[in-house]
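Asker: data31.pdb is the file, holding PDB, C-alpha atoms and all ligand atoms:
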```
MODEL        1
ATOM      1  CA  MET A   1      18.026   4.915  14.048
ATOM      2  CA  TYR A   2      20.517   4.234  11.293
ATOM      3  CA  ASP A   3      22.903   6.846  12.628
ATOM      4  CA  LEU A   4      22.646   5.372  16.092
ATOM      5  CA  SER A   5      23.523   1.908  14.876
ATOM      6  CA  ILE A   6      26.588   3.188  13.060
ATOM      7  CA  LYS A   7      27.838   4.679  16.289
ATOM      8  CA  ASN A   8      27.201   1.367  18.034
ATOM      9  CA  ASN A   9      24.972   3.209  20.374
ATOM     10  CA  LEU A  10      21.821   1.285  19.726
ATOM     11  CA  SER A  11      19.047   1.308  22.263
ATOM     12  CA  HIS A  12      17.859  -2.188  23.196
ATOM     13  CA  ALA A  13      14.181  -1.629  22.441
ATOM     14  CA  TYR A  14      12.479   0.569  19.868
ATOM     15  CA  LEU A  15       8.849   1.334  19.293
ATOM     16  CA  LEU A  16       8.542   2.169  15.595
ATOM     17  CA  VAL A  17       5.415   4.133  14.801
ATOM     18  CA  SER A  18       3.813   4.799  11.447
ATOM     19  CA  PRO A  19       0.137   4.887  10.500
ATOM     20  CA  ASN A  20       1.156   2.970   7.382
ATOM     21  CA  ALA A  21       1.610  -0.657   8.466
ATOM     22  CA  ARG A  22       3.453  -1.632   5.316
ATOM     23  CA  GLN A  23       5.874   1.265   5.670
ATOM     24  CA  VAL A  24       6.771   0.463   9.255
ATOM     25  CA  GLU A  25       7.494  -3.148   8.326
ATOM     26  CA  GLU A  26       9.642  -2.104   5.398
ATOM     27  CA  GLU A  27      11.577   0.336   7.553
ATOM     28  CA  ALA A  28      12.162  -2.302  10.200
ATOM     29  CA  LYS A  29      13.424  -4.684   7.554
ATOM     30  CA  LEU A  30      15.766  -2.057   6.178
ATOM     31  CA  ALA A  31      17.100  -1.298   9.658
ATOM     32  CA  MET A  32      17.756  -4.988  10.246
ATOM     33  CA  GLN A  33      19.505  -5.344   6.902
ATOM     34  CA  LEU A  34      21.706  -2.477   7.921
ATOM     35  CA  LEU A  35      22.544  -4.125  11.225
ATOM     36  CA  LEU A  36      23.102  -7.612   9.879
ATOM     37  CA  CYS A  37      24.477  -6.966   6.379
ATOM     38  CA  GLU A  38      27.714  -8.863   5.812
ATOM     39  CA  GLN A  39      29.169  -6.394   3.333
ATOM     40  CA  PRO A  40      27.543  -2.968   3.731
ATOM     41  CA  ASN A  41      28.221  -0.285   1.142
ATOM     42  CA  GLN A  42      30.650   2.502   1.917
ATOM     43  CA  ASP A  43      27.794   4.863   2.751
ATOM     44  CA  HIS A  44      26.643   2.310   5.377
ATOM     45  CA  THR A  45      23.597   1.228   3.387
ATOM     46  CA  PRO A  46      22.890  -2.522   3.197
ATOM     47  CA  CYS A  47      24.156  -4.340   0.103
ATOM     48  CA  HIS A  48      20.847  -6.189  -0.539
ATOM     49  CA  LEU A  49      22.916  -9.001  -2.053
ATOM     50  CA  CYS A  50      24.584 -10.915   0.772
ATOM     51  CA  SER A  51      22.912 -13.961   2.281
ATOM     52  CA  SER A  52      21.959 -11.954   5.353
ATOM     53  CA  CYS A  53      20.197  -9.253   3.332
ATOM     54  CA  LEU A  54      18.461 -11.833   1.147
ATOM     55  CA  ARG A  55      17.262 -13.871   4.092
ATOM     56  CA  LEU A  56      15.910 -10.759   5.777
ATOM     57  CA  ALA A  57      14.133  -9.776   2.587
ATOM     58  CA  SER A  58      12.386 -13.144   2.523
ATOM     59  CA  ASP A  59      11.592 -13.102   6.273
ATOM     60  CA  ASN A  60      13.862 -16.073   6.765
ATOM     61  CA  HIS A  61      16.772 -14.883   8.901
ATOM     62  CA  PRO A  62      17.796 -17.169  11.779
ATOM     63  CA  ALA A  63      18.580 -14.196  14.037
ATOM     64  CA  VAL A  64      15.134 -12.678  13.672
ATOM     65  CA  THR A  65      12.010 -13.784  15.491
ATOM     66  CA  TYR A  66       8.718 -12.331  14.339
ATOM     67  CA  LEU A  67       5.807 -12.122  16.735
ATOM     68  CA  THR A  68       2.641 -11.464  14.785
ATOM     69  CA  PRO A  69      -0.963 -11.469  15.998
ATOM     70  CA  GLU A  70      -2.649 -14.835  16.019
ATOM     71  CA  GLY A  71      -6.146 -13.966  14.994
ATOM     72  CA  ALA A  72      -7.028 -10.536  16.318
ATOM     73  CA  SER A  73      -4.404 -10.208  19.038
ATOM     74  CA  LEU A  74      -0.909 -10.981  20.280
ATOM     75  CA  LYS A  75      -1.472 -13.437  23.086
ATOM     76  CA  ILE A  76       0.349 -14.266  26.295
ATOM     77  CA  ALA A  77       1.089 -17.848  25.146
ATOM     78  CA  GLN A  78       3.023 -16.488  22.157
ATOM     79  CA  MET A  79       5.033 -14.210  24.422
ATOM     80  CA  ARG A  80       5.876 -17.029  26.806
ATOM     81  CA  ALA A  81       6.996 -19.276  23.961
ATOM     82  CA  ALA A  82       9.205 -16.537  22.558
ATOM     83  CA  MET A  83      10.752 -15.750  25.948
ATOM     84  CA  LYS A  84      11.491 -19.414  26.523
ATOM     85  CA  GLN A  85      13.121 -19.701  23.130
ATOM     86  CA  ASP A  86      15.131 -16.560  23.798
ATOM     87  CA  ARG A  87      16.585 -18.007  27.001
ATOM     88  CA  PHE A  88      18.109 -20.804  24.976
ATOM     89  CA  GLY A  89      19.436 -18.396  22.383
ATOM     90  CA  HIS A  90      22.544 -16.233  22.608
ATOM     91  CA  ARG A  91      24.687 -19.336  22.871
ATOM     92  CA  PHE A  92      26.939 -18.288  20.046
ATOM     93  CA  GLY A  93      27.029 -14.662  21.012
ATOM     94  CA  ASP A  94      24.989 -13.844  17.924
ATOM     95  CA  ARG A  95      22.678 -10.904  17.843
ATOM     96  CA  THR A  96      18.995 -11.701  17.984
ATOM     97  CA  ILE A  97      16.248  -9.374  16.938
ATOM     98  CA  ILE A  98      12.686  -9.737  18.108
ATOM     99  CA  VAL A  99      10.176  -8.023  15.890
ATOM    100  CA  VAL A 100       6.674  -7.536  17.191
ATOM    101  CA  THR A 101       4.229  -6.504  14.500
ATOM    102  CA  ARG A 102       1.000  -4.668  15.309
ATOM    103  CA  THR A 103       2.072  -4.222  18.912
ATOM    104  CA  GLU A 104      -1.173  -2.357  19.591
ATOM    105  CA  THR A 105      -3.009  -5.692  19.367
ATOM    106  CA  MET A 106      -1.184  -7.127  22.405
ATOM    107  CA  THR A 107      -3.561  -8.157  25.128
ATOM    108  CA  VAL A 108      -2.905  -6.461  28.488
ATOM    109  CA  GLU A 109      -1.748  -9.807  29.907
ATOM    110  CA  ALA A 110       0.634 -10.350  27.009
ATOM    111  CA  ALA A 111       2.071  -6.833  27.297
ATOM    112  CA  THR A 112       2.483  -7.174  31.067
ATOM    113  CA  SER A 113       4.234 -10.502  30.662
ATOM    114  CA  VAL A 114       6.978  -9.043  28.462
ATOM    115  CA  LEU A 115       7.749  -5.926  30.506
ATOM    116  CA  LYS A 116      10.746  -7.423  32.272
ATOM    117  CA  TRP A 117      12.028  -9.045  29.121
ATOM    118  CA  VAL A 118      11.878  -5.823  27.137
ATOM    119  CA  GLU A 119      13.240  -3.740  29.985
ATOM    120  CA  GLU A 120      16.347  -5.777  30.582
ATOM    121  CA  PRO A 121      19.137  -4.655  28.270
ATOM    122  CA  HIS A 122      21.053  -7.427  26.610
ATOM    123  CA  GLN A 123      23.975  -6.555  24.390
ATOM    124  CA  ASP A 124      22.992  -9.134  21.784
ATOM    125  CA  ARG A 125      19.248  -8.622  21.773
ATOM    126  CA  LEU A 126      17.235  -5.951  20.063
ATOM    127  CA  PHE A 127      13.498  -5.402  20.213
ATOM    128  CA  LEU A 128      11.659  -3.739  17.366
ATOM    129  CA  LEU A 129       8.038  -3.143  18.301
ATOM    130  CA  LEU A 130       6.014  -1.962  15.335
ATOM    131  CA  THR A 131       2.743  -0.144  15.661
ATOM    132  CA  SER A 132       0.349   2.110  13.831
ATOM    133  CA  SER A 133      -0.482   3.958  17.027
ATOM    134  CA  ALA A 134       1.811   4.559  20.003
ATOM    135  CA  MET A 135      -1.164   5.621  22.107
ATOM    136  CA  MET A 136      -2.724   2.186  21.757
ATOM    137  CA  VAL A 137       0.325   0.454  23.215
ATOM    138  CA  LEU A 138       0.228  -0.184  26.959
ATOM    139  CA  PRO A 139       1.972   2.849  28.560
ATOM    140  CA  THR A 140       4.170   0.671  30.798
ATOM    141  CA  LEU A 141       5.457  -1.136  27.723
ATOM    142  CA  ARG A 142       5.810   2.070  25.726
ATOM    143  CA  SER A 143       7.900   3.667  28.470
ATOM    144  CA  ARG A 144      10.450   0.859  28.191
ATOM    145  CA  CYS A 145      11.129   1.613  24.540
ATOM    146  CA  THR A 146      12.692   4.412  22.589
ATOM    147  CA  THR A 147       9.842   5.677  20.434
ATOM    148  CA  LEU A 148      10.649   6.542  16.832
ATOM    149  CA  THR A 149       7.887   8.023  14.724
ATOM    150  CA  LEU A 150       8.666   7.445  11.082
ATOM    151  CA  SER A 151       8.136  10.319   8.744
ATOM    152  CA  GLN A 152       5.728   9.295   6.039
ATOM    153  CA  SER A 153       7.636   8.397   2.953
ATOM    154  CA  TYR A 154       5.252  10.496   0.961
ATOM    155  CA  THR A 155       6.751  10.101  -2.474
ATOM    156  CA  LYS A 156       7.267   6.372  -2.251
ATOM    157  CA  ASN A 157       3.700   5.691  -1.189
ATOM    158  CA  ALA A 158       2.203   7.938  -3.833
ATOM    159  CA  LEU A 159       4.278   6.296  -6.555
ATOM    160  CA  ASN A 160       3.464   2.841  -5.254
ATOM    161  CA  ASP A 161      -0.231   3.595  -5.298
ATOM    162  CA  LEU A 162      -0.121   5.061  -8.786
ATOM    163  CA  PHE A 163       1.751   2.096 -10.259
ATOM    164  CA  ALA A 164      -0.374  -0.387  -8.335
ATOM    165  CA  SER A 165      -3.546   1.179  -9.729
ATOM    166  CA  PHE A 166      -2.365   0.031 -13.158
ATOM    167  CA  GLY A 167      -1.350  -3.397 -11.835
ATOM    168  CA  TYR A 168       2.364  -2.554 -11.841
ATOM    169  CA  ASP A 169       4.883  -3.261  -9.115
ATOM    170  CA  LEU A 170       7.262  -0.378  -8.506
ATOM    171  CA  ARG A 171      10.203  -2.775  -8.178
ATOM    172  CA  GLU A 172       9.699  -4.268 -11.635
ATOM    173  CA  GLU A 173      12.092  -3.378 -14.397
ATOM    174  CA  ARG A 174       9.362  -1.931 -16.607
ATOM    175  CA  SER A 175       8.269   0.336 -13.752
ATOM    176  CA  ILE A 176      11.797   1.616 -13.291
ATOM    177  CA  ARG A 177      11.964   2.282 -17.041
ATOM    178  CA  ILE A 178       8.756   4.292 -16.873
ATOM    179  CA  LEU A 179      10.070   6.289 -13.922
ATOM    180  CA  GLN A 180      13.300   7.081 -15.750
ATOM    181  CA  ALA A 181      11.509   8.112 -18.927
ATOM    182  CA  ALA A 182       9.153  10.326 -16.914
ATOM    183  CA  GLN A 183      12.020  12.061 -15.135
ATOM    184  CA  GLN A 184      13.835  12.636 -18.413
ATOM    185  CA  LEU A 185      10.693  13.995 -20.011
ATOM    186  CA  TYR A 186      10.061  16.278 -17.073
ATOM    187  CA  GLU A 187      13.570  17.675 -17.373
ATOM    188  CA  ALA A 188      13.235  18.128 -21.115
ATOM    189  CA  LEU A 189       9.948  19.987 -20.639
ATOM    190  CA  ALA A 190      11.392  22.212 -17.917
ATOM    191  CA  HIS A 191      14.314  23.134 -20.173
ATOM    192  CA  GLN A 192      11.975  23.527 -23.161
ATOM    193  CA  ARG A 193      14.511  21.661 -25.231
ATOM    194  CA  GLU A 194      13.268  19.594 -28.086
ATOM    195  CA  ASP A 195      16.622  17.830 -28.442
ATOM    196  CA  LEU A 196      16.243  16.392 -24.949
ATOM    197  CA  TRP A 197      12.991  14.693 -25.821
ATOM    198  CA  HIS A 198      14.613  12.258 -28.173
ATOM    199  CA  PHE A 199      16.271  10.303 -25.428
ATOM    200  CA  PRO A 200      13.138   9.283 -23.518
ATOM    201  CA  VAL A 201      11.228   8.925 -26.788
ATOM    202  CA  ASP A 202      13.905   6.525 -28.073
ATOM    203  CA  THR A 203      13.482   4.431 -24.932
ATOM    204  CA  LEU A 204       9.733   4.463 -25.422
ATOM    205  CA  ILE A 205       9.980   3.146 -28.977
ATOM    206  CA  LYS A 206      11.184  -0.132 -27.553
ATOM    207  CA  TRP A 207       8.039  -0.532 -25.515
ATOM    208  CA  SER A 208       5.178  -2.532 -26.796
ATOM    209  CA  GLU A 209       2.630  -2.331 -23.994
ATOM    210  CA  SER A 210       0.152   0.477 -24.272
ATOM    211  CA  SER A 211      -0.409   0.234 -20.521
ATOM    212  CA  ASP A 212       3.174   1.492 -20.066
ATOM    213  CA  PHE A 213       2.103   4.722 -21.730
ATOM    214  CA  SER A 214      -0.985   4.970 -19.557
ATOM    215  CA  VAL A 215       1.206   4.879 -16.449
ATOM    216  CA  LEU A 216       3.705   7.287 -17.981
ATOM    217  CA  PHE A 217       1.061   9.874 -18.869
ATOM    218  CA  GLN A 218      -0.537   9.639 -15.458
ATOM    219  CA  LEU A 219       2.856  10.106 -13.821
ATOM    220  CA  MET A 220       3.725  13.040 -16.084
ATOM    221  CA  MET A 221       0.473  14.719 -15.138
ATOM    222  CA  GLY A 222       1.525  14.190 -11.509
ATOM    223  CA  TYR A 223       4.954  15.699 -12.099
ATOM    224  CA  CYS A 224       3.467  18.786 -13.774
ATOM    225  CA  ARG A 225       1.098  19.269 -10.846
ATOM    226  CA  ASP A 226       4.034  18.755  -8.464
ATOM    227  CA  ALA A 227       5.918  21.508 -10.280
ATOM    228  CA  ILE A 228       3.022  23.830  -9.505
ATOM    229  CA  ALA A 229       2.848  22.595  -5.905
ATOM    230  CA  VAL A 230       6.480  23.430  -5.121
ATOM    231  CA  GLN A 231       6.100  26.871  -6.686
ATOM    232  CA  VAL A 232       3.321  27.687  -4.261
ATOM    233  CA  GLY A 233       5.328  26.244  -1.358
ATOM    234  CA  ASN A 234       3.748  22.794  -1.081
ATOM    235  CA  ARG A 235       5.475  19.441  -1.115
ATOM    236  CA  PRO A 236       5.602  17.495  -4.351
ATOM    237  CA  TYR A 237       3.588  14.325  -4.293
ATOM    238  CA  PHE A 238       5.186  12.084  -6.880
ATOM    239  CA  TYR A 239       8.628  13.555  -7.347
ATOM    240  CA  GLU A 240      11.380  13.317  -4.742
ATOM    241  CA  ASP A 241      11.425  16.504  -2.698
ATOM    242  CA  THR A 242      14.802  17.670  -3.919
ATOM    243  CA  LYS A 243      16.469  20.948  -4.796
ATOM    244  CA  ALA A 244      16.982  19.737  -8.353
ATOM    245  CA  PHE A 245      13.262  19.146  -8.769
ATOM    246  CA  ALA A 246      12.327  22.518  -7.297
ATOM    247  CA  GLN A 247      14.848  24.218  -9.530
ATOM    248  CA  LEU A 248      13.472  22.548 -12.651
ATOM    249  CA  ALA A 249       9.944  23.405 -11.563
ATOM    250  CA  SER A 250      10.841  27.098 -11.483
ATOM    251  CA  HIS A 251      11.895  27.058 -15.148
ATOM    252  CA  LEU A 252       8.302  27.372 -16.301
ATOM    253  CA  GLY A 253       5.419  29.400 -14.932
ATOM    254  CA  ILE A 254       2.405  27.934 -13.178
ATOM    255  CA  LYS A 255       0.237  28.537 -16.238
ATOM    256  CA  ARG A 256       2.565  26.552 -18.446
ATOM    257  CA  TRP A 257       2.737  23.611 -16.037
ATOM    258  CA  SER A 258      -1.073  23.608 -15.834
ATOM    259  CA  GLU A 259      -1.288  23.400 -19.618
ATOM    260  CA  LEU A 260       1.150  20.507 -19.610
ATOM    261  CA  ALA A 261      -0.748  18.724 -16.831
ATOM    262  CA  LEU A 262      -3.922  19.016 -18.905
ATOM    263  CA  LEU A 263      -2.101  17.756 -21.961
ATOM    264  CA  PHE A 264      -0.861  14.619 -20.206
ATOM    265  CA  GLY A 265      -4.253  14.085 -18.620
ATOM    266  CA  ASP A 266      -5.752  14.192 -22.092
ATOM    267  CA  LEU A 267      -3.142  11.763 -23.430
ATOM    268  CA  GLY A 268      -4.000   9.387 -20.603
ATOM    269  CA  LYS A 269      -7.687   9.513 -21.560
ATOM    270  CA  ARG A 270      -6.861   8.834 -25.186
ATOM    271  CA  MET A 271      -4.951   5.691 -24.183
ATOM    272  CA  ARG A 272      -8.289   4.300 -23.054
ATOM    273  CA  ALA A 273      -9.468   4.709 -26.653
ATOM    274  CA  HIS A 274      -6.563   2.484 -27.736
ATOM    275  CA  VAL A 275      -4.528   5.091 -29.566
ATOM    276  CA  ASN A 276      -0.844   4.443 -30.204
ATOM    277  CA  GLY A 277       0.930   5.855 -27.160
ATOM    278  CA  LEU A 278       4.125   6.810 -28.908
ATOM    279  CA  THR A 279       2.411   8.565 -31.804
ATOM    280  CA  ALA A 280       0.179  10.460 -29.400
ATOM    281  CA  LEU A 281       3.152  11.515 -27.287
ATOM    282  CA  GLU A 282       5.197  12.682 -30.266
ATOM    283  CA  ALA A 283       2.299  14.692 -31.640
ATOM    284  CA  ALA A 284       1.808  16.303 -28.233
ATOM    285  CA  LEU A 285       5.492  17.130 -27.866
ATOM    286  CA  PHE A 286       5.576  18.800 -31.282
ATOM    287  CA  LYS A 287       2.527  20.789 -30.321
ATOM    288  CA  VAL A 288       4.105  22.116 -27.125
ATOM    289  CA  SER A 289       7.354  22.984 -28.906
ATOM    290  CA  GLU A 290       5.602  25.332 -31.322
TER     291      GLU A 290
HETATM  292 ZN    ZN B   1      24.033  -7.353   2.765
ENDMDL
END
```
Reformat the file's structure so that it appears as structure tokens.
Ligand SMILES: [Zn+2]

Answerer:
Amino acid sequence: MYDLSIKNNLSHAYLLVSPNARQVEEEAKLAMQLLLCEQPNQDHTPCHLCSSCLRLASDNHPAVTYLTPEGASLKIAQMRAAMKQDRFGHRFGDRTIIVVTRTETMTVEAATSVLKWVEEPHQDRLFLLLTSSAMMVLPTLRSRCTTLTLSQSYTKNALNDLFASFGYDLREERSIRILQAAQQLYEALAHQREDLWHFPVDTLIKWSESSDFSVLFQLMMGYCRDAIAVQVGNRPYFYEDTKAFAQLASHLGIKRWSELALLFGDLGKRMRAHVNGLTALEAALFKVSE
């Protein structure tokens, strides 16, 4: 979709499909930021800083109309109101985007009422129909859209879930710090270089929250298991599926990664007994370097 928009070859109606409702909404938002960003980066990604990007992020962009289910379904009255509003739009030649969330909840009457609207290409109007299941969308409506099935952003969801289970938000600064420390530690372990541990450990000294260490140890256990997964040809779960990761994973054997996974699992358990996270980590790192 992003490539298409760069070539100015955008279709006028898309059905975006992902079983993960949150993911499909995030992707739609990102696509709109890309289309409407006032100062995109050189690699065509949205800047996330301009007023357009910020308004999209807060669901408050004048060019975007959201149609969301009222109660259990998207109803014909909502569709009629939106179509009426749309007829009065386009006065300034601005692009408008109509986002329908949970399209599968459209009543048959509602879906039938929008067929003509969706079908008719308009250079300044884009439809983004979001759904968790393409099969549950009325076939006549589906056939008027270009269907895009989003690949599951595996890593992002797994990380989100892990951080959320400790009450952390992945976008917070402390979460980013934990992620960085974990990646540095993983690299240091793969290289078996004691001197590389000091960097993440130095960062950790500045932390006060023991819960930070709980998340870190859980994530490290995940990374060690991921290292085993890629060696047996599976996809990593927590780490980005990159060449660099796979290469680092191959530095140590499966047995060694298993030992490390156990070690971090054990550290995580000890955090529940209120040990000092940093002391526990240092002791563990000295043990593995022997
Ligand atoms: Zn922007």

Asker: As a check of understanding, name the residues that the PyMOL selection byres (((chain A and resi 282) around 12) and not hetatm) selects in the supplied structure, as a list in words.

Answerer: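 This file gives the following for the PyMOL selection byres (((chain A and resi 282) around 12) and not hetatm): Leu185, Glu194, Trp197, His198, Pro200, Val201, Asp202, Leu204, Ile205, Phe264, Leu267, Asn276, Gly277, Leu278, Thr279, Ala280, Leu281, Ala283, Ala284, Leu285, Phe286, Lys287, Val288 and Ser289 of chain A.
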
Asker: Let me make sure I understand: among A:Leu30, A:Leu248, A:Leu262, A:Ala81, which one has the smallest atom-to-atom distance to ligand ZN 1 (chain B) if we use all atoms listed in the file?

Answerer: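 Closest residue, counting all atoms listed in the file: A:Leu30.
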
Asker: Dump the neighbourhood of ligand ZN 1 (chain B) as a list in words: all residues within 9 Å, distances computed on only C-alpha atoms and all ligand atoms.

Answerer: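 What falls inside 9 Å of ligand ZN 1 (chain B) is Gln33, Leu34, Leu36, Cys37, Glu38, Gln39, Pro40, Asn41, Thr45, Pro46, Cys47, His48, Leu49, Cys50, Ser51, Ser52, Cys53 and Leu54 of chain A.
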
Asker: Take the residues just selected and output them with C-alpha atoms as a JSON list (two decimals), keeping the file's coordinate frame.

Answerer:
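Final output, saved to part-v9.json:
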```
[["chain", "number", "residue", "atom", "x", "y", "z"],
["A", 33, "GLN", "CA", 19.50, -5.34, 6.90],
["A", 34, "LEU", "CA", 21.71, -2.48, 7.92],
["A", 36, "LEU", "CA", 23.10, -7.61, 9.88],
["A", 37, "CYS", "CA", 24.48, -6.97, 6.38],
["A", 38, "GLU", "CA", 27.71, -8.86, 5.81],
["A", 39, "GLN", "CA", 29.17, -6.39, 3.33],
["A", 40, "PRO", "CA", 27.54, -2.97, 3.73],
["A", 41, "ASN", "CA", 28.22, -0.28, 1.14],
["A", 45, "THR", "CA", 23.60, 1.23, 3.39],
["A", 46, "PRO", "CA", 22.89, -2.52, 3.20],
["A", 47, "CYS", "CA", 24.16, -4.34, 0.10],
["A", 48, "HIS", "CA", 20.85, -6.19, -0.54],
["A", 49, "LEU", "CA", 22.92, -9.00, -2.05],
["A", 50, "CYS", "CA", 24.58, -10.92, 0.77],
["A", 51, "SER", "CA", 22.91, -13.96, 2.28],
["A", 52, "SER", "CA", 21.96, -11.95, 5.35],
["A", 53, "CYS", "CA", 20.20, -9.25, 3.33],
["A", 54, "LEU", "CA", 18.46, -11.83, 1.15]]
```

Asker: Determine the residue membership of the PyMOL selection byres (((chain A and resi 249) around 8) and not hetatm) for the file above and supply it as a ChimeraX atom specification.

Answerer: /A:190,227-228,230-231,245-248,250-252

Asker: Please tell me which residues are no farther than 12 Å from (-0.6, -5.6, 26.7) in the file, counting all atoms listed in the file, and write them as a PyMOL selection string.

Answerer: chain A and resi 73-76+79+102-115+136-142

Asker: Give me the residues within 9 Å of A:Met271 as a PyMOL selection string, counting all atoms listed in the file and dropping any in the same chain fewer than 2 places off.

Answerer: chain A and resi 210-211+213-214+266-269+273-277+280

Asker: Using atom CA of A:Asp94 and atom CA of A:His61 as the two end points, give the distance in Å to one decimal.

Answerer: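 These atoms are spaced 12.2 Å apart.
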
Asker: Which residue, A:Thr149, A:Gln123, A:Ser143, A:Gln78, has the smallest gap to A:Ser18 when you use all atoms listed in the file?

Answerer: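 Closest candidate: A:Thr149.
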
Asker: For stretch 159-176 of chain A, work out the shell of residues within 12 Å, counting all atoms listed in the file and skipping chain neighbours fewer than 2 positions away, then give it as a ChimeraX atom specification.

Answerer: /A:22-23,153-157,178-183,203-204,206-223,236-240

Asker: Around the point (3.7, 1.7, 13.9), in the coordinates given by the file, pick out the residues reaching within 9 Å, counting all atoms listed in the file, and return them as a ChimeraX atom specification.

Answerer: /A:15-21,23-25,101-104,129-134,148-150

Asker: Which of these, A:Arg235, A:Lys84, A:Lys29, A:Arg270, has the shortest distance to A:Leu56 once you count only C-alpha atoms?

Answerer: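 Checking each of A:Arg235, A:Lys84, A:Lys29, A:Arg270 against A:Leu56, counting only C-alpha atoms, the winner is A:Lys29.
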
Asker: Output as a PDB file, in the frame of the given file: stretch 42-48 of chain A, completed with all heavy atoms.

Answerer:
```pdb
ATOM      1  N   GLN A  42      29.814   1.505   1.232  1.00  0.00           N
ATOM      2  CA  GLN A  42      30.650   2.502   1.917  1.00  0.00           C
ATOM      3  C   GLN A  42      29.828   3.569   2.630  1.00  0.00           C
ATOM      4  O   GLN A  42      30.256   4.098   3.649  1.00  0.00           O
ATOM      5  CB  GLN A  42      31.599   3.161   0.918  1.00  0.00           C
ATOM      6  CG  GLN A  42      32.784   2.249   0.604  1.00  0.00           C
ATOM      7  CD  GLN A  42      33.906   2.983  -0.087  1.00  0.00           C
ATOM      8  OE1 GLN A  42      33.705   4.071  -0.624  1.00  0.00           O
ATOM      9  NE2 GLN A  42      35.090   2.400  -0.079  1.00  0.00           N
ATOM     10  N   ASP A  43      28.644   3.853   2.094  1.00  0.00           N
ATOM     11  CA  ASP A  43      27.794   4.863   2.751  1.00  0.00           C
ATOM     12  C   ASP A  43      26.918   4.231   3.841  1.00  0.00           C
ATOM     13  O   ASP A  43      25.933   4.805   4.267  1.00  0.00           O
ATOM     14  CB  ASP A  43      26.945   5.609   1.713  1.00  0.00           C
ATOM     15  CG  ASP A  43      26.019   4.666   0.946  1.00  0.00           C
ATOM     16  OD1 ASP A  43      26.135   3.432   1.126  1.00  0.00           O
ATOM     17  OD2 ASP A  43      25.185   5.169   0.177  1.00  0.00           O
ATOM     18  N   HIS A  44      27.303   3.016   4.262  1.00  0.00           N
ATOM     19  CA  HIS A  44      26.643   2.310   5.377  1.00  0.00           C
ATOM     20  C   HIS A  44      25.246   1.819   5.036  1.00  0.00           C
ATOM     21  O   HIS A  44      24.484   1.487   5.932  1.00  0.00           O
ATOM     22  CB  HIS A  44      26.578   3.185   6.639  1.00  0.00           C
ATOM     23  CG  HIS A  44      27.921   3.669   7.079  1.00  0.00           C
ATOM     24  ND1 HIS A  44      28.874   2.836   7.635  1.00  0.00           N
ATOM     25  CD2 HIS A  44      28.487   4.890   7.009  1.00  0.00           C
ATOM     26  CE1 HIS A  44      29.951   3.541   7.893  1.00  0.00           C
ATOM     27  NE2 HIS A  44      29.756   4.786   7.515  1.00  0.00           N
ATOM     28  N   THR A  45      24.876   1.802   3.760  1.00  0.00           N
ATOM     29  CA  THR A  45      23.597   1.228   3.387  1.00  0.00           C
ATOM     30  C   THR A  45      23.791  -0.274   3.171  1.00  0.00           C
ATOM     31  O   THR A  45      24.887  -0.714   2.852  1.00  0.00           O
ATOM     32  CB  THR A  45      23.053   1.871   2.090  1.00  0.00           C
ATOM     33  OG1 THR A  45      24.071   1.784   1.086  1.00  0.00           O
ATOM     34  CG2 THR A  45      22.673   3.317   2.312  1.00  0.00           C
ATOM     35  N   PRO A  46      22.728  -1.074   3.382  1.00  0.00           N
ATOM     36  CA  PRO A  46      22.890  -2.522   3.197  1.00  0.00           C
ATOM     37  C   PRO A  46      23.092  -2.877   1.725  1.00  0.00           C
ATOM     38  O   PRO A  46      22.607  -2.168   0.840  1.00  0.00           O
ATOM     39  CB  PRO A  46      21.572  -3.098   3.714  1.00  0.00           C
ATOM     40  CG  PRO A  46      20.597  -1.980   3.686  1.00  0.00           C
ATOM     41  CD  PRO A  46      21.375  -0.719   3.829  1.00  0.00           C
ATOM     42  N   CYS A  47      23.815  -3.984   1.491  1.00  0.00           N
ATOM     43  CA  CYS A  47      24.156  -4.340   0.103  1.00  0.00           C
ATOM     44  C   CYS A  47      22.985  -4.945  -0.658  1.00  0.00           C
ATOM     45  O   CYS A  47      22.937  -4.896  -1.873  1.00  0.00           O
ATOM     46  CB  CYS A  47      25.343  -5.292   0.087  1.00  0.00           C
ATOM     47  SG  CYS A  47      24.935  -6.980   0.625  1.00  0.00           S
ATOM     48  N   HIS A  48      22.008  -5.510   0.055  1.00  0.00           N
ATOM     49  CA  HIS A  48      20.847  -6.189  -0.539  1.00  0.00           C
ATOM     50  C   HIS A  48      21.222  -7.433  -1.325  1.00  0.00           C
ATOM     51  O   HIS A  48      20.397  -7.982  -2.045  1.00  0.00           O
ATOM     52  CB  HIS A  48      20.034  -5.251  -1.445  1.00  0.00           C
ATOM     53  CG  HIS A  48      19.415  -4.113  -0.698  1.00  0.00           C
ATOM     54  ND1 HIS A  48      18.382  -4.285   0.189  1.00  0.00           N
ATOM     55  CD2 HIS A  48      19.706  -2.792  -0.683  1.00  0.00           C
ATOM     56  CE1 HIS A  48      18.059  -3.119   0.711  1.00  0.00           C
ATOM     57  NE2 HIS A  48      18.850  -2.192   0.206  1.00  0.00           N
TER      58      HIS A  48
END
```
